[in-house]
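> File query-v6.cif follows (mmCIF, C-alpha atoms):
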data_work
loop_
_atom_site.label_atom_id
_atom_site.label_comp_id
_atom_site.auth_asym_id
_atom_site.auth_seq_id
_atom_site.Cartn_x
_atom_site.Cartn_y
_atom_site.Cartn_z
CA MET A 1368 -70.78 30.36 -37.88
CA SER A 1369 -71.59 26.70 -37.98
CA VAL A 1370 -69.12 24.21 -39.44
CA GLY A 1371 -69.68 23.59 -43.13
CA LEU A 1372 -68.02 22.08 -46.19
CA GLU A 1373 -65.34 24.78 -46.42
CA HIS A 1374 -64.09 24.06 -42.89
CA TYR A 1375 -63.48 20.42 -43.71
CA LEU A 1376 -61.83 21.27 -47.04
CA VAL A 1377 -59.51 23.80 -45.37
CA LEU A 1378 -58.58 21.23 -42.72
CA SER A 1379 -57.90 18.70 -45.49
CA ALA A 1380 -55.74 21.16 -47.45
CA VAL A 1381 -53.73 22.11 -44.33
CA LEU A 1382 -53.08 18.46 -43.43
CA PHE A 1383 -52.09 17.71 -47.05
CA ALA A 1384 -49.65 20.65 -47.12
CA ILE A 1385 -48.08 19.53 -43.81
CA GLY A 1386 -47.70 16.00 -45.17
CA LEU A 1387 -46.26 17.31 -48.44
CA PHE A 1388 -43.65 19.40 -46.61
CA GLY A 1389 -42.66 16.42 -44.46
CA ALA A 1390 -42.47 14.04 -47.41
CA LEU A 1391 -40.21 16.46 -49.30
CA THR A 1392 -37.84 17.33 -46.44
CA LYS A 1393 -37.39 14.25 -44.26
CA ARG A 1394 -34.33 12.04 -44.60
CA ASN A 1395 -35.66 8.99 -42.78
CA THR A 1396 -37.71 6.90 -45.24
CA ILE A 1397 -40.03 5.63 -42.48
CA VAL A 1398 -40.94 9.23 -41.57
CA ILE A 1399 -41.53 9.93 -45.28
CA LEU A 1400 -43.98 7.00 -45.35
CA MET A 1401 -45.73 8.46 -42.27
CA CYS A 1402 -46.08 11.82 -44.04
CA VAL A 1403 -47.57 10.02 -47.06
CA GLU A 1404 -50.12 8.46 -44.71
CA VAL A 1405 -51.01 11.95 -43.42
CA MET A 1406 -51.53 13.11 -47.02
CA LEU A 1407 -53.76 10.12 -47.82
CA ASN A 1408 -55.84 10.84 -44.73
CA ALA A 1409 -56.21 14.48 -45.76
CA VAL A 1410 -57.58 13.38 -49.13
CA ASN A 1411 -59.95 10.98 -47.36
CA ILE A 1412 -61.32 13.83 -45.23
CA ALA A 1413 -62.04 15.84 -48.40
CA MET A 1414 -63.76 12.80 -49.99
CA VAL A 1415 -66.00 12.16 -46.99
CA ALA A 1416 -66.78 15.88 -46.60
CA PHE A 1417 -67.87 16.13 -50.25
CA SER A 1418 -69.95 12.97 -49.79
CA ARG A 1419 -71.58 14.40 -46.65
CA PHE A 1420 -72.35 17.91 -47.92
CA ILE A 1421 -72.84 17.65 -51.72
CA THR A 1422 -74.46 14.19 -52.13
CA PRO A 1423 -75.55 13.10 -48.63
CA THR A 1424 -77.67 10.18 -49.85
CA LEU A 1425 -75.29 8.60 -52.41
CA LEU A 1426 -72.21 7.73 -50.24
CA THR A 1427 -69.94 7.51 -53.31
CA GLY A 1428 -67.23 9.57 -51.58
CA GLN A 1429 -67.18 7.15 -48.66
CA VAL A 1430 -66.75 4.22 -51.08
CA PHE A 1431 -63.77 6.02 -52.64
CA ALA A 1432 -62.35 6.60 -49.14
CA ILE A 1433 -62.58 2.86 -48.45
CA PHE A 1434 -60.63 2.10 -51.64
CA ILE A 1435 -57.99 4.69 -50.69
CA MET A 1436 -57.65 2.90 -47.32
CA VAL A 1437 -57.19 -0.47 -49.09
CA VAL A 1438 -54.46 0.93 -51.33
CA ALA A 1439 -52.83 2.73 -48.37
CA ALA A 1440 -52.68 -0.52 -46.40
CA ALA A 1441 -51.07 -2.33 -49.34
CA GLU A 1442 -48.67 0.59 -49.85
CA ALA A 1443 -47.63 0.60 -46.19
CA ALA A 1444 -47.00 -3.15 -46.17
CA VAL A 1445 -44.90 -3.18 -49.35
CA GLY A 1446 -43.16 0.12 -48.54
CA LEU A 1447 -42.05 -0.99 -45.08
CA ALA A 1448 -40.93 -4.35 -46.51
CA ILE A 1449 -38.78 -2.48 -49.06
CA ILE A 1450 -37.33 -0.28 -46.28
CA ILE A 1451 -36.45 -3.32 -44.15
CA SER A 1452 -34.90 -5.00 -47.19
CA ILE A 1453 -32.78 -1.90 -47.96
CA TYR A 1454 -31.75 -1.72 -44.29
CA ARG A 1455 -30.59 -5.36 -44.40
CA ASN A 1456 -28.42 -4.70 -47.43
CA ARG A 1457 -27.09 -1.20 -46.71
CA GLU A 1458 -27.48 -0.71 -42.91
CA THR A 1459 -29.29 2.62 -43.40
CA VAL A 1460 -32.75 4.03 -44.16
CA GLU A 1461 -31.64 7.63 -44.82
CA THR A 1462 -32.50 8.94 -48.27
CA THR A 1463 -29.17 10.77 -48.47
CA ASP A 1464 -27.30 7.46 -48.12
CA ILE A 1465 -29.46 5.42 -50.53
CA ASP A 1466 -27.73 6.76 -53.65
CA LEU A 1467 -26.79 3.60 -55.58
CA MET A 1468 -28.55 4.83 -58.73
CA LYS A 1469 -27.11 8.36 -58.53
CA GLY A 1470 -24.99 9.15 -61.59
CA MET B 1107 -73.53 22.38 -31.92
CA VAL B 1108 -71.96 19.28 -30.37
CA VAL B 1109 -70.74 18.37 -33.86
CA ASP B 1110 -69.19 21.84 -34.27
CA ILE B 1111 -67.32 21.60 -30.95
CA GLY B 1112 -66.16 18.11 -31.88
CA PHE B 1113 -64.94 19.34 -35.25
CA TRP B 1114 -62.89 22.18 -33.76
CA ILE B 1115 -61.31 19.92 -31.11
CA MET B 1116 -60.45 17.26 -33.70
CA ALA B 1117 -59.17 19.83 -36.23
CA VAL B 1118 -56.87 21.60 -33.75
CA VAL B 1119 -55.52 18.38 -32.24
CA GLY B 1120 -55.14 16.76 -35.67
CA VAL B 1121 -53.19 19.66 -37.18
CA ALA B 1122 -51.04 19.91 -34.04
CA ALA B 1123 -50.30 16.17 -34.25
CA ALA B 1124 -49.46 16.47 -37.96
CA VAL B 1125 -47.08 19.35 -37.18
CA ALA B 1126 -45.55 17.21 -34.43
CA VAL B 1127 -44.99 14.43 -37.00
CA ILE B 1128 -42.72 16.71 -39.03
CA LEU B 1129 -41.09 18.56 -36.11
CA LEU B 1130 -40.26 15.89 -33.52
CA ARG B 1131 -36.71 14.55 -33.61
CA ASN B 1132 -37.29 11.13 -32.04
CA VAL B 1133 -38.69 8.77 -34.70
CA PHE B 1134 -40.66 6.81 -32.10
CA HIS B 1135 -42.36 9.98 -30.83
CA THR B 1136 -43.12 10.83 -34.46
CA ALA B 1137 -44.94 7.51 -34.82
CA LEU B 1138 -46.98 8.21 -31.68
CA ALA B 1139 -47.92 11.67 -33.01
CA LEU B 1140 -49.02 9.99 -36.25
CA VAL B 1141 -51.27 7.64 -34.26
CA LEU B 1142 -52.87 10.67 -32.56
CA CYS B 1143 -53.36 12.36 -35.95
CA LEU B 1144 -55.03 9.21 -37.38
CA LEU B 1145 -57.30 9.01 -34.31
CA THR B 1146 -58.46 12.59 -34.79
CA VAL B 1147 -59.21 11.80 -38.45
CA ALA B 1148 -61.49 9.02 -37.16
CA GLY B 1149 -63.18 11.66 -34.97
CA ILE B 1150 -63.59 13.92 -38.04
CA TYR B 1151 -65.34 11.01 -39.79
CA ILE B 1152 -67.75 10.74 -36.84
CA THR B 1153 -68.61 14.46 -37.12
CA LEU B 1154 -69.30 13.80 -40.83
CA SER B 1155 -71.72 10.98 -39.80
CA ALA B 1156 -69.52 8.36 -41.48
CA ASP B 1157 -69.71 5.82 -38.66
CA PHE B 1158 -68.46 2.78 -40.60
CA LEU B 1159 -65.47 4.69 -41.99
CA ALA B 1160 -64.54 5.91 -38.50
CA VAL B 1161 -64.40 2.35 -37.17
CA VAL B 1162 -62.49 1.15 -40.24
CA GLN B 1163 -60.05 4.04 -39.77
CA ILE B 1164 -59.36 2.96 -36.18
CA LEU B 1165 -59.07 -0.72 -37.17
CA VAL B 1166 -56.85 -0.29 -40.25
CA TYR B 1167 -54.78 2.79 -39.45
CA VAL B 1168 -54.58 3.05 -35.65
CA GLY B 1169 -54.59 -0.73 -35.20
CA GLY B 1170 -52.74 -2.01 -38.24
CA ILE B 1171 -50.58 0.47 -40.11
CA SER B 1172 -49.26 2.17 -36.96
CA ILE B 1173 -48.15 -1.21 -35.57
CA LEU B 1174 -46.39 -1.93 -38.89
CA ILE B 1175 -44.62 1.45 -38.76
CA ILE B 1176 -43.52 1.03 -35.14
CA LEU B 1177 -42.29 -2.48 -35.96
CA ALA B 1178 -40.27 -1.11 -38.89
CA ILE B 1179 -38.77 1.60 -36.63
CA MET B 1180 -37.73 -1.03 -34.10
CA LEU B 1181 -36.25 -3.27 -36.81
CA THR B 1182 -34.14 -0.50 -38.33
CA ARG B 1183 -32.57 1.01 -35.15
CA GLU B 1184 -32.91 4.55 -36.49
CA VAL B 1185 -34.29 5.93 -33.21
CA GLN B 1186 -30.84 7.08 -32.11
CA ARG B 1187 -30.07 9.13 -35.21
CA GLY B 1188 -33.47 10.80 -35.14
CA SER B 1189 -35.66 12.28 -37.85
CA LEU B 1190 -33.44 14.78 -39.65
CA SER B 1191 -34.23 17.09 -42.55
CA ASN B 1192 -32.42 17.26 -45.86
CA ARG B 1193 -31.11 20.51 -47.34
CA PHE B 1194 -34.33 21.29 -49.24
CA ARG B 1195 -36.20 22.70 -46.22
CA ILE B 1196 -36.79 26.20 -47.59
CA PRO B 1197 -37.73 25.24 -51.19
CA ALA B 1198 -40.02 22.51 -49.83
CA PHE B 1199 -41.65 24.99 -47.46
CA ILE B 1200 -42.21 27.42 -50.33
CA ILE B 1201 -43.72 24.63 -52.48
CA ALA B 1202 -46.03 23.49 -49.67
CA ALA B 1203 -47.08 27.09 -48.87
CA VAL B 1204 -47.78 27.92 -52.54
CA PHE B 1205 -49.73 24.69 -52.90
CA LEU B 1206 -51.78 25.47 -49.80
CA GLY B 1207 -52.43 29.03 -51.01
CA VAL B 1208 -53.60 27.89 -54.45
CA ILE B 1209 -55.85 25.18 -52.99
CA LEU B 1210 -57.36 27.56 -50.41
CA PHE B 1211 -57.94 30.23 -53.07
CA ALA B 1212 -59.65 27.69 -55.34
CA LEU B 1213 -61.89 26.09 -52.77
CA LEU B 1214 -62.92 29.29 -50.99
CA ASN B 1215 -63.92 30.91 -54.31
CA THR B 1216 -65.94 27.97 -55.60
CA PRO B 1217 -69.72 28.18 -55.12
CA TRP B 1218 -70.31 24.68 -53.73
CA GLN B 1219 -73.87 23.43 -54.19
CA VAL B 1220 -74.39 22.17 -50.67
CA SER B 1221 -77.34 19.81 -50.37
CA THR B 1222 -79.71 20.16 -47.43
CA ALA B 1223 -80.75 16.50 -47.44
CA LEU B 1224 -80.03 14.58 -44.23
CA PRO B 1225 -77.15 12.07 -44.44
CA VAL B 1226 -77.77 8.33 -44.40
CA GLU B 1227 -77.43 6.93 -40.88
CA PRO B 1228 -76.23 4.29 -40.10
CA THR B 1229 -74.08 3.94 -43.21
CA THR B 1230 -73.00 0.28 -42.98
CA ALA B 1231 -75.90 -1.28 -44.88
CA ALA B 1232 -75.98 1.52 -47.44
CA LEU B 1233 -72.22 1.17 -48.04
CA ALA B 1234 -72.58 -2.61 -48.47
CA GLY B 1235 -75.28 -2.02 -51.07
CA LYS B 1236 -73.07 0.52 -52.81
CA LEU B 1237 -70.03 -1.79 -52.81
CA LEU B 1238 -71.63 -5.13 -53.64
CA GLY B 1239 -75.08 -4.31 -54.97
CA GLU B 1240 -76.52 -3.66 -58.41
CA GLY B 1241 -74.66 -0.92 -60.29
CA GLY B 1242 -72.07 -0.71 -57.52
CA PHE B 1243 -68.33 -1.20 -57.31
CA VAL B 1244 -68.15 -5.03 -57.36
CA LEU B 1245 -65.33 -5.13 -59.91
CA ALA B 1246 -63.22 -2.72 -57.86
CA VAL B 1247 -63.86 -4.80 -54.72
CA GLU B 1248 -62.64 -7.93 -56.53
CA ILE B 1249 -59.57 -6.13 -57.87
CA SER B 1250 -58.73 -4.77 -54.41
CA ALA B 1251 -58.80 -8.35 -53.08
CA ALA B 1252 -56.21 -9.30 -55.71
CA LEU B 1253 -54.20 -6.16 -54.86
CA LEU B 1254 -54.11 -7.02 -51.16
CA LEU B 1255 -53.03 -10.60 -51.91
CA ALA B 1256 -50.27 -9.33 -54.21
CA ALA B 1257 -49.13 -6.80 -51.58
CA VAL B 1258 -48.96 -9.45 -48.82
CA LEU B 1259 -47.06 -11.88 -51.07
CA GLY B 1260 -44.71 -9.10 -52.18
CA ALA B 1261 -44.01 -8.04 -48.60
CA ILE B 1262 -43.25 -11.65 -47.60
CA VAL B 1263 -40.90 -12.13 -50.57
CA LEU B 1264 -39.10 -8.84 -49.87
CA VAL B 1265 -38.33 -9.48 -46.20
CA ARG B 1266 -37.68 -13.23 -46.47
CA GLU B 1267 -34.23 -14.43 -45.44
CA LYS B 1268 -32.26 -15.54 -48.49
#
Translate the structure of the given file into structure tokens.

Amino acid sequence: MSVGLEHYLVLSAVLFAIGLFGALTKRNTIVILMCVEVMLNAVNIAMVAFSRFITPTLLTGQVFAIFIMVVAAAEAAVGLAIIISIYRNRETVETTDIDLMKG
Amino acid sequence: MVVDIGFWIMAVVGVAAAVAVILLRNVFHTALALVLCLLTVAGIYITLSADFLAVVQILVYVGGISILIILAIMLTREVQRGSLSNRFRIPAFIIAAVFLGVILFALLNTPWQVSTALPVEPTTAALAGKLLGEGGFVLAVEISAALLLAAVLGAIVLVREK
């Protein structure tokens, strides 16, 4: 059986589920950011696969993937800056210790 | 057939690297596994004949974001404590498994209308026309420029010494 659209979508769903599990369970905020990157990449795979198999001549899915990459780059820069700022003030990046707003 | 073999290699290595991201204890090793996962995604793009996206993936993710993440790990000295889990492991696993099951059920039961047309190759010129040309995404390109500027300024303000 040759590789088709479903294979890419299953791969994308598996990567997204792995990233979701990591983002929900990890205590280190940097690792949570890494898992978010894995999830964004999974979505990008689905976008490009749809673009390749459903509308091969339009490339709209690839354009969306480029915009996701732009937003992911901005998110990584600001997110890591926030983490470093929290670390300066509280000497930790663990989500269980960042509980200033907990009631 | 070469594309099929490439897909299976990239898929297996990519999923293994993603699993390593959530299983490894050492945060630095986690970052290296993430780099491997992002590289395999670039390979997946090549099997989808998205050449420009594959190069951008390597430039932005493997070259840029991974360096940022490794820099943040080094600046926060969390390598010793390792990448621990919180107490929601089992509920989170159930949520992720249910999500995966629902998604797989939906996408395997949908009759996708797969087109037989050959993909555009190379994609760089076609993508440029799509992004900047008539009826394209010019407004979104302009807004993303403003977004990137705001993100860079915000990052500088956040990490600046008071």
> Any chance you could resolve the PyMOL selection byres ((chain A) within 6 of (chain B)) against this file and give the residues as a ChimeraX atom specification?
/A:1370,1384,1388-1389,1392-1395,1420-1421,1423-1424,1441,1445,1448,1452
> Can you list, as a list of chain:residue names, the residues that the PyMOL selection byres ((chain A and resi 1408) around 9) selects here?
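For this structure, the PyMOL selection byres ((chain A and resi 1408) around 9) captures A:Ser1379, A:Leu1382, A:Phe1383, A:Val1403, A:Glu1404, A:Val1405, A:Met1406, A:Leu1407, A:Ala1409, A:Val1410, A:Asn1411, A:Ile1412, A:Ala1413, A:Ala1432, A:Ile1435, A:Met1436, B:Leu1144, B:Val1147.
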> For this structure, which residues satisfy the selection - the PyMOL selection byres ((chain A and resi 1427) around 9) - when it is evaluated on the file as given? I want them as an MDAnalysis selection string.
(chainID A and resid 1414:1415 1418 1422 1424:1426 1428:1432) or (chainID B and resid 1233 1236)
> Once 3 Å is added on each side, what are the centre and the three edge lengths, in Å to one decimal, of the axis-aligned box enclosing the listed atoms of region 1227-1245 of chain B? Present them as JSON.

{"center_x": -71.4, "center_y": 0.9, "center_z": -50.2, "size_x": 18.1, "size_y": 18.1, "size_z": 26.2}
> Could you check how far CA of Asn1456 (chain A) sits from CA of Gly1169 (chain B), in Å to one decimal?
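Value for the CA of Asn1456 (chain A)-CA of Gly1169 (chain B) distance: 29.2 Å.
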> Which distance in Å separates CA of Ile1249 (chain B) and CA of Ile1173 (chain B), to one decimal?
25.5 Å
> What does the distance from CA of Gly1446 (chain A) to CA of Leu1378 (chain A) come to in Å, to one decimal?
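CA of Leu1378 (chain A) lies at a distance of 26.8 Å from CA of Gly1446 (chain A).
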> Keeping N, CA and C atoms, write region 1182-1212 of chain B of the structure just shown out as a PDB file, in the first residue's frame.

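Saved to part_25.pdb:
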ATOM      1  N   THR B1182      18.829  28.828  32.824  1.00  0.00           N
ATOM      2  CA  THR B1182      17.993  28.588  33.984  1.00  0.00           C
ATOM      3  C   THR B1182      18.507  27.455  34.872  1.00  0.00           C
ATOM      4  N   ARG B1183      19.612  26.810  34.546  1.00  0.00           N
ATOM      5  CA  ARG B1183      20.252  25.806  35.399  1.00  0.00           C
ATOM      6  C   ARG B1183      19.260  24.766  35.899  1.00  0.00           C
ATOM      7  N   GLU B1184      18.340  24.323  35.032  1.00  0.00           N
ATOM      8  CA  GLU B1184      17.381  23.307  35.456  1.00  0.00           C
ATOM      9  C   GLU B1184      17.816  21.916  35.016  1.00  0.00           C
ATOM     10  N   VAL B1185      19.030  21.800  34.420  1.00  0.00           N
ATOM     11  CA  VAL B1185      19.472  20.500  33.932  1.00  0.00           C
ATOM     12  C   VAL B1185      19.616  19.506  35.075  1.00  0.00           C
ATOM     13  N   GLN B1186      20.051  19.998  36.252  1.00  0.00           N
ATOM     14  CA  GLN B1186      20.277  19.081  37.365  1.00  0.00           C
ATOM     15  C   GLN B1186      18.974  18.462  37.863  1.00  0.00           C
ATOM     16  N   ARG B1187      17.925  19.273  37.977  1.00  0.00           N
ATOM     17  CA  ARG B1187      16.677  18.758  38.545  1.00  0.00           C
ATOM     18  C   ARG B1187      15.955  17.847  37.563  1.00  0.00           C
ATOM     19  N   GLY B1188      16.182  18.042  36.278  1.00  0.00           N
ATOM     20  CA  GLY B1188      15.594  17.150  35.293  1.00  0.00           C
ATOM     21  C   GLY B1188      14.175  17.523  34.937  1.00  0.00           C
ATOM     22  N   SER B1189      13.633  16.778  33.956  1.00  0.00           N
ATOM     23  CA  SER B1189      12.289  17.052  33.454  1.00  0.00           C
ATOM     24  C   SER B1189      11.304  16.116  34.145  1.00  0.00           C
ATOM     25  N   LEU B1190      10.689  16.600  35.215  1.00  0.00           N
ATOM     26  CA  LEU B1190       9.782  15.765  36.000  1.00  0.00           C
ATOM     27  C   LEU B1190       8.344  15.925  35.527  1.00  0.00           C
ATOM     28  N   SER B1191       7.488  15.007  35.974  1.00  0.00           N
ATOM     29  CA  SER B1191       6.070  15.083  35.638  1.00  0.00           C
ATOM     30  C   SER B1191       5.295  15.567  36.850  1.00  0.00           C
ATOM     31  N   ASN B1192       4.152  16.190  36.600  1.00  0.00           N
ATOM     32  CA  ASN B1192       3.279  16.546  37.718  1.00  0.00           C
ATOM     33  C   ASN B1192       2.370  15.369  38.037  1.00  0.00           C
ATOM     34  N   ARG B1193       1.393  15.571  38.940  1.00  0.00           N
ATOM     35  CA  ARG B1193       0.613  14.421  39.400  1.00  0.00           C
ATOM     36  C   ARG B1193      -0.574  14.127  38.490  1.00  0.00           C
ATOM     37  N   PHE B1194      -0.649  14.762  37.320  1.00  0.00           N
ATOM     38  CA  PHE B1194      -1.770  14.527  36.408  1.00  0.00           C
ATOM     39  C   PHE B1194      -1.405  13.572  35.278  1.00  0.00           C
ATOM     40  N   ARG B1195      -0.439  12.690  35.509  1.00  0.00           N
ATOM     41  CA  ARG B1195       0.015  11.803  34.429  1.00  0.00           C
ATOM     42  C   ARG B1195      -1.117  10.978  33.846  1.00  0.00           C
ATOM     43  N   ILE B1196      -1.864  10.295  34.722  1.00  0.00           N
ATOM     44  CA  ILE B1196      -2.881   9.344  34.231  1.00  0.00           C
ATOM     45  C   ILE B1196      -4.061  10.067  33.574  1.00  0.00           C
ATOM     46  N   PRO B1197      -4.641  11.130  34.213  1.00  0.00           N
ATOM     47  CA  PRO B1197      -5.693  11.861  33.511  1.00  0.00           C
ATOM     48  C   PRO B1197      -5.228  12.440  32.177  1.00  0.00           C
ATOM     49  N   ALA B1198      -3.985  12.975  32.154  1.00  0.00           N
ATOM     50  CA  ALA B1198      -3.479  13.552  30.905  1.00  0.00           C
ATOM     51  C   ALA B1198      -3.318  12.477  29.845  1.00  0.00           C
ATOM     52  N   PHE B1199      -2.861  11.282  30.268  1.00  0.00           N
ATOM     53  CA  PHE B1199      -2.729  10.190  29.296  1.00  0.00           C
ATOM     54  C   PHE B1199      -4.092   9.793  28.741  1.00  0.00           C
ATOM     55  N   ILE B1200      -5.098   9.752  29.629  1.00  0.00           N
ATOM     56  CA  ILE B1200      -6.447   9.396  29.160  1.00  0.00           C
ATOM     57  C   ILE B1200      -6.947  10.453  28.174  1.00  0.00           C
ATOM     58  N   ILE B1201      -6.734  11.745  28.506  1.00  0.00           N
ATOM     59  CA  ILE B1201      -7.191  12.815  27.615  1.00  0.00           C
ATOM     60  C   ILE B1201      -6.512  12.699  26.252  1.00  0.00           C
ATOM     61  N   ALA B1202      -5.174  12.509  26.265  1.00  0.00           N
ATOM     62  CA  ALA B1202      -4.447  12.417  25.000  1.00  0.00           C
ATOM     63  C   ALA B1202      -4.901  11.204  24.193  1.00  0.00           C
ATOM     64  N   ALA B1203      -5.127  10.055  24.888  1.00  0.00           N
ATOM     65  CA  ALA B1203      -5.544   8.834  24.178  1.00  0.00           C
ATOM     66  C   ALA B1203      -6.940   8.997  23.588  1.00  0.00           C
ATOM     67  N   VAL B1204      -7.861   9.598  24.365  1.00  0.00           N
ATOM     68  CA  VAL B1204      -9.223   9.812  23.848  1.00  0.00           C
ATOM     69  C   VAL B1204      -9.184  10.763  22.651  1.00  0.00           C
ATOM     70  N   PHE B1205      -8.384  11.821  22.795  1.00  0.00           N
ATOM     71  CA  PHE B1205      -8.245  12.770  21.682  1.00  0.00           C
ATOM     72  C   PHE B1205      -7.740  12.069  20.434  1.00  0.00           C
ATOM     73  N   LEU B1206      -6.673  11.256  20.613  1.00  0.00           N
ATOM     74  CA  LEU B1206      -6.110  10.547  19.454  1.00  0.00           C
ATOM     75  C   LEU B1206      -7.141   9.606  18.850  1.00  0.00           C
ATOM     76  N   GLY B1207      -7.897   8.889  19.708  1.00  0.00           N
ATOM     77  CA  GLY B1207      -8.904   7.967  19.192  1.00  0.00           C
ATOM     78  C   GLY B1207      -9.971   8.682  18.384  1.00  0.00           C
ATOM     79  N   VAL B1208     -10.462   9.816  18.922  1.00  0.00           N
ATOM     80  CA  VAL B1208     -11.520  10.557  18.218  1.00  0.00           C
ATOM     81  C   VAL B1208     -11.004  11.060  16.872  1.00  0.00           C
ATOM     82  N   ILE B1209      -9.785  11.633  16.886  1.00  0.00           N
ATOM     83  CA  ILE B1209      -9.219  12.180  15.646  1.00  0.00           C
ATOM     84  C   ILE B1209      -9.023  11.063  14.617  1.00  0.00           C
ATOM     85  N   LEU B1210      -8.462   9.919  15.068  1.00  0.00           N
ATOM     86  CA  LEU B1210      -8.226   8.818  14.128  1.00  0.00           C
ATOM     87  C   LEU B1210      -9.543   8.302  13.567  1.00  0.00           C
ATOM     88  N   PHE B1211     -10.568   8.156  14.450  1.00  0.00           N
ATOM     89  CA  PHE B1211     -11.874   7.698  13.981  1.00  0.00           C
ATOM     90  C   PHE B1211     -12.427   8.655  12.931  1.00  0.00           C
ATOM     91  N   ALA B1212     -12.304   9.970  13.192  1.00  0.00           N
ATOM     92  CA  ALA B1212     -12.870  10.957  12.266  1.00  0.00           C
ATOM     93  C   ALA B1212     -12.147  10.919  10.932  1.00  0.00           C
TER      94      ALA B1212
END
